[in-house]
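Working notes, beginning with the structure itself.
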Amino acid sequence: MISEHPRVRFAPSPTGYLHVGGLRTALYNYLFAKNQNGKFILRIEDTDRNRYVEGAVENLINVLKWIGLDYDEGPQKEGQYGPYMQSERLDIYKKYAEELVEKGHAYYCFCTPERLTELKEDQKAKGLQPKYDKHCMSLSKDEVKKNLDSGMPSVVRLNVPSDVKVSFDDIVRGRVEFDSNGIDDQVLIKSDGYPTYHMANVIDDHFMKITHVIRGEEWLSSTPKHVLLYDAFGWEKPQFAHLPLLLNPDRSKLSKRQGDVAVEDYRAKGYLKEALLNFVALLGWNAGDDVEFYYLDEMVRKFSLERVNKSGAVFDLAKLNWLNAEHLRKMPDQDLLNHLKEELSNSRFKDHAFSDEYLLMVIIAMKERVSFVKEYLEKSPYFFEKPESYEENAVKKSWKENTPELLSKLVEAFERLNHPTKEDYEAVLHKTAEELQVGNAKLIHPVRLAVSGLSAGPGLFDILYILGKEETVQRLKTAVEKIKIQ
RNA sequence: GGCGCGUUCGUCUAGUGGCUUAGGACGCUGCCCUCUCAAGGCAGAGAUCACCGGUUCGAAUCCGGUACGCGCUACCA
């Protein structure tokens with residue numbers, strides 16, 4: 001049954017943005033496809049005209065592109081099984097709905113919404129489960145034709161057989177069995193002519209030759225309907241794999257109310273695509289070893305559906321943050337440089353020019369101290385502008401009465417230096433401290449404060465070297481004038 | 001309510017009958033390194049494996065029940 005080259009699909013509905021749960025589903029589909037040398041297809045399930053959102057499809061594609069999950073077939077990348085927008089396949093659904101009606105596996109229903117609600121309320125009042133009563137199934141062929149010809153609103157319903165056990169083998173959950181009596185006569189074609197998810201899904205998966213349906217757990221209870229549909233058509237069923245849900249910290253289904261759910265939100269906050277992908281992959285899957293840091297290609301190599309977990313996973317920001325920092329630290333300096341330049345061009349420093357050489361030095365100095373690219377600017381603004389103020393507590397702690405005098409001596413010594421290296425700065429500072437008969441710390445901390453305005457940062461001599469002699473001296477002089485002991 | 005799925009440190013998880021005094025990671029605490037802050041190293045706290053019963057010489061691992069959580073129960077996906 002498992003064909004040599006699997007075909008899987010990510011089939012989102014364009015509701016405006018890509019949900020992180022959707023991202024995880026897309027990722028697993030992608031990983032499985034690439035691991036198995038198969039195809040990853042993008043299909044847009046836009047069968048609900050009421051929920052249509054302008055630009056949602058383009059947005060979805062852009063986000064997928066940004067994060068690096070390239071699809072082999074889909075909108076803007078037509079393959080031989082298109083179109084990949086369900087709204088462009090209406091005639092196909094209609095044709096197969098008619099075939100089902102022909103075979104007696106489906107029937108036209110002309111019941112009004114009013115009757116349906118009434119029926120439902122009636123059943124609820126009697127403690128029965130709400131289910132369509134197959135009322136329209138008793139209509140004769142002529143009556144159906146007459147209604148249809150007269151333009152009466154109609155839907156097509158699946159004729160669910162009673163007293164049948166519907167089961168399938170889920171790759172992550174094992175054998176799952178349902179009783180057909182609990183399944184409603186699902187609407188297949190809506191009165192506006194559009195198919196419902198169930199209908200479109202089964203037909204498309206069949207004609208697009210999908211071998212594995214990998215989707216969220218919320219679809220598990222709908223699967224028997226799909227199985228019934230495959231059987232009604234006499235089609236071979238794909239393999240199913242239902243993924244565990246992503247959860248809020250309180251273990252409810254991940255929702256907007258309790259934080260960000262859109263991939264775009266995380267992107268805007270400065271999360272790296274590498275970190276996002278890595279993090280989301282680990283929410284429900286592991287290779288069985290201790291590896292937690294992954295790049296996409298390594299995940300592809302090690303991924304298998306058999307190792308996907310059954311239970312929901314809480315979306316834990318703290319771990320995402322750690323992974324982001326980890327990916328940032330391990331990123332090649334050249335890539336980091338591009339990120340930093342982009343960050344700078346969107347900041348208040350956008351009009352300043354910094355050489356690549358200079359920025360690279362900043363990157364090396366700050367690399368281990370940042371979790372986000374923007375922190376290069378937030379945590380060490382002094383590399384991009386002169387300190388505007390001096391950290392108050394640090395002033396209190398390290399700026400003593402004799403500090404201005406000590407620093408003046410140090411400045412003199414620095415000024416005599418010719419193209420100093422960081423070792424030169426260090427040697428001179430040590431020597432000056434010795435001459436002035438004070439500990440190194442008496443100079444180091446005030447210098448750090450004078451030059452950066454802050455008390456935390458990279459090694460002082462690295463900072464001085466990056467800033468350069470002229471800038472260092474200038475900042476020291478300014479600080480001596482501006483900082484007063486309180 | 002009905003049906004289905006799930007339940008190992010706060011969180012993500014390893015574990016598929018003896019190797020387990022249940023391992024790793026994030027987070028947290030402490031120590032080391034050190035001019036500061038990080039990173040790194042080391043150490044620590046943290047899980048009676050939801051509960052009850054059964055099978056077995058032996059169970060987190062197999063079986064049954066209960067509880068709790070979640071999903072579905074639309075002419076939404």
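By order of appearance in the structure tokens: chains A, B, ..., then residues from 1 within every chain, and ligands from 1 in the order shown.
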
Could you list the residues in chain A lying within 8 Å of chain B, using only C-alpha atoms (C1' of nucleotides), and format the result as a VMD selection string?
chain A and resid 13 45 48 127 129 155 178 182 187 189 to 191 196 to 197 217 to 222 251 to 253 282 to 283 286 288 to 290 292 310 to 314 316 318 to 319 322 368 to 369 440 to 441 444 to 445 455 to 460

Which of range 28-174 of chain A DSSP labels strand (DSSP E or B), written as a PyMOL selection string
chain A and resi 39-42+44+73-74+77+85+106-109+155-158+165-170+174

Determine, counting only C-alpha atoms (C1' of nucleotides), which protein, DNA and RNA residues have an atom within 12 Å of an atom of Tyr96 in chain A; residues of the same chain fewer than 4 positions away are not included. Present the result as a PyMOL selection string.
chain A and resi 89-92+100-103+105-106+156+158+188-189+195+199-200+202-204+206-207+229-230+232-233

Which parts of range 15-140 of chain A does DSSP call alpha helix (DSSP H) when run on the backbone here, written out as a count of residues only?
55

With only C-alpha atoms (C1' of nucleotides) as the counted atoms, please give the residues lying no more than 10 Å from Glu391 in chain A, apart from itself and same-chain residues fewer than 6 positions off, as a compact mmCIF listing (two decimals) with N, CA and C atoms, in the first residue's frame.
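Saved result, result-v8.txt, follows:
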```txt
# COMPACT_ATOMS: atom_id res chain seq x y z
N LEU A 449 32.07 51.93 31.87
CA LEU A 449 30.92 52.81 32.04
C LEU A 449 31.05 54.04 31.13
N ALA A 450 32.22 54.60 31.09
CA ALA A 450 32.46 55.81 30.31
C ALA A 450 32.25 55.57 28.82
N SER A 452 30.66 52.83 27.35
CA SER A 452 29.43 52.18 26.92
C SER A 452 28.18 52.68 27.62
N GLY A 453 28.37 53.32 28.76
CA GLY A 453 27.20 53.78 29.51
C GLY A 453 26.58 52.67 30.32
N LEU A 454 27.09 51.46 30.14
CA LEU A 454 26.49 50.29 30.80
C LEU A 454 27.52 49.53 31.62
N SER A 455 27.03 48.64 32.45
CA SER A 455 27.95 47.87 33.29
C SER A 455 28.14 46.45 32.78
```

Using only C-alpha atoms (C1' of nucleotides), which residues sit within 9 Å of range 109-111 of chain A once same-chain residues fewer than 3 positions away are excluded, as JSON, numbers by chain?
{"A": [114, 115, 116, 134, 135, 136, 137, 139, 144, 147, 152, 153, 154, 155, 156, 157, 187]}

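The nearest approach to Gln186 in chain A among the residues A:Asp72, A:Asp335, A:Asp133, A:Glu385, with only C-alpha atoms taken into account, belongs to A:Asp133.
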
Skip range 407-419 of chain A itself and residues of its chain fewer than 4 positions away, then list as a PDB file with N, CA and C atoms, in the first residue's frame all residues within 7 Å of it, counting only C-alpha atoms (C1' of nucleotides).
```pdb
ATOM      1  N   THR A 403      38.207  59.096  40.418  1.00  0.00           N
ATOM      2  CA  THR A 403      38.098  58.454  39.107  1.00  0.00           C
ATOM      3  C   THR A 403      38.452  59.389  37.944  1.00  0.00           C
ATOM      4  N   VAL A 428      48.510  48.609  28.633  1.00  0.00           N
ATOM      5  CA  VAL A 428      48.600  50.006  29.070  1.00  0.00           C
ATOM      6  C   VAL A 428      47.765  50.247  30.319  1.00  0.00           C
ATOM      7  N   LEU A 429      46.588  49.644  30.333  1.00  0.00           N
ATOM      8  CA  LEU A 429      45.731  49.842  31.506  1.00  0.00           C
ATOM      9  C   LEU A 429      46.385  49.247  32.747  1.00  0.00           C
ATOM     10  N   THR A 432      49.271  51.480  33.794  1.00  0.00           N
ATOM     11  CA  THR A 432      48.785  52.721  34.401  1.00  0.00           C
ATOM     12  C   THR A 432      48.288  52.469  35.821  1.00  0.00           C
ATOM     13  N   VAL A 473      39.061  57.440  23.337  1.00  0.00           N
ATOM     14  CA  VAL A 473      39.594  58.607  24.037  1.00  0.00           C
ATOM     15  C   VAL A 473      38.526  59.692  24.175  1.00  0.00           C
TER      16      VAL A 473
END
```

Close residues, range 56-64 of chain B itself excluded, 7 Å, only C-alpha atoms (C1' of nucleotides), min 3 positions apart in chain, as a ChimeraX atom specification:
/B:8,16-18,49

Kindly save the residues from that selection, with C-alpha atoms (C1' of nucleotides) included, as an mmCIF file, in the first residue's frame.
```
data_model
loop_
_atom_site.group_PDB
_atom_site.id
_atom_site.type_symbol
_atom_site.label_atom_id
_atom_site.label_comp_id
_atom_site.auth_asym_id
_atom_site.auth_seq_id
_atom_site.Cartn_x
_atom_site.Cartn_y
_atom_site.Cartn_z
ATOM 1 C "C1'" U B 8 6.092 9.987 32.692
ATOM 2 C "C1'" U B 16 7.963 -1.094 24.063
ATOM 3 C "C1'" G B 17 8.282 -6.556 30.968
ATOM 4 C "C1'" G B 18 14.109 -7.132 34.503
ATOM 5 C "C1'" C B 49 5.314 7.152 35.771
#
```

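Going from CA of Val291 in chain A over to CA of Ile41 in chain A, you cover 28.6 Å.
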
Rounded to one decimal place, report the CA of Gln86 in chain A-CA of Tyr194 in chain A distance in Å.
9.0 Å

Given the choices A:Arg329, A:Lys65, A:Arg307, A:Lys39, which gets closest to Arg7 in chain A if the distance is worked out from only C-alpha atoms?
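Answer, going by the shortest atom-to-atom distance: A:Lys39.
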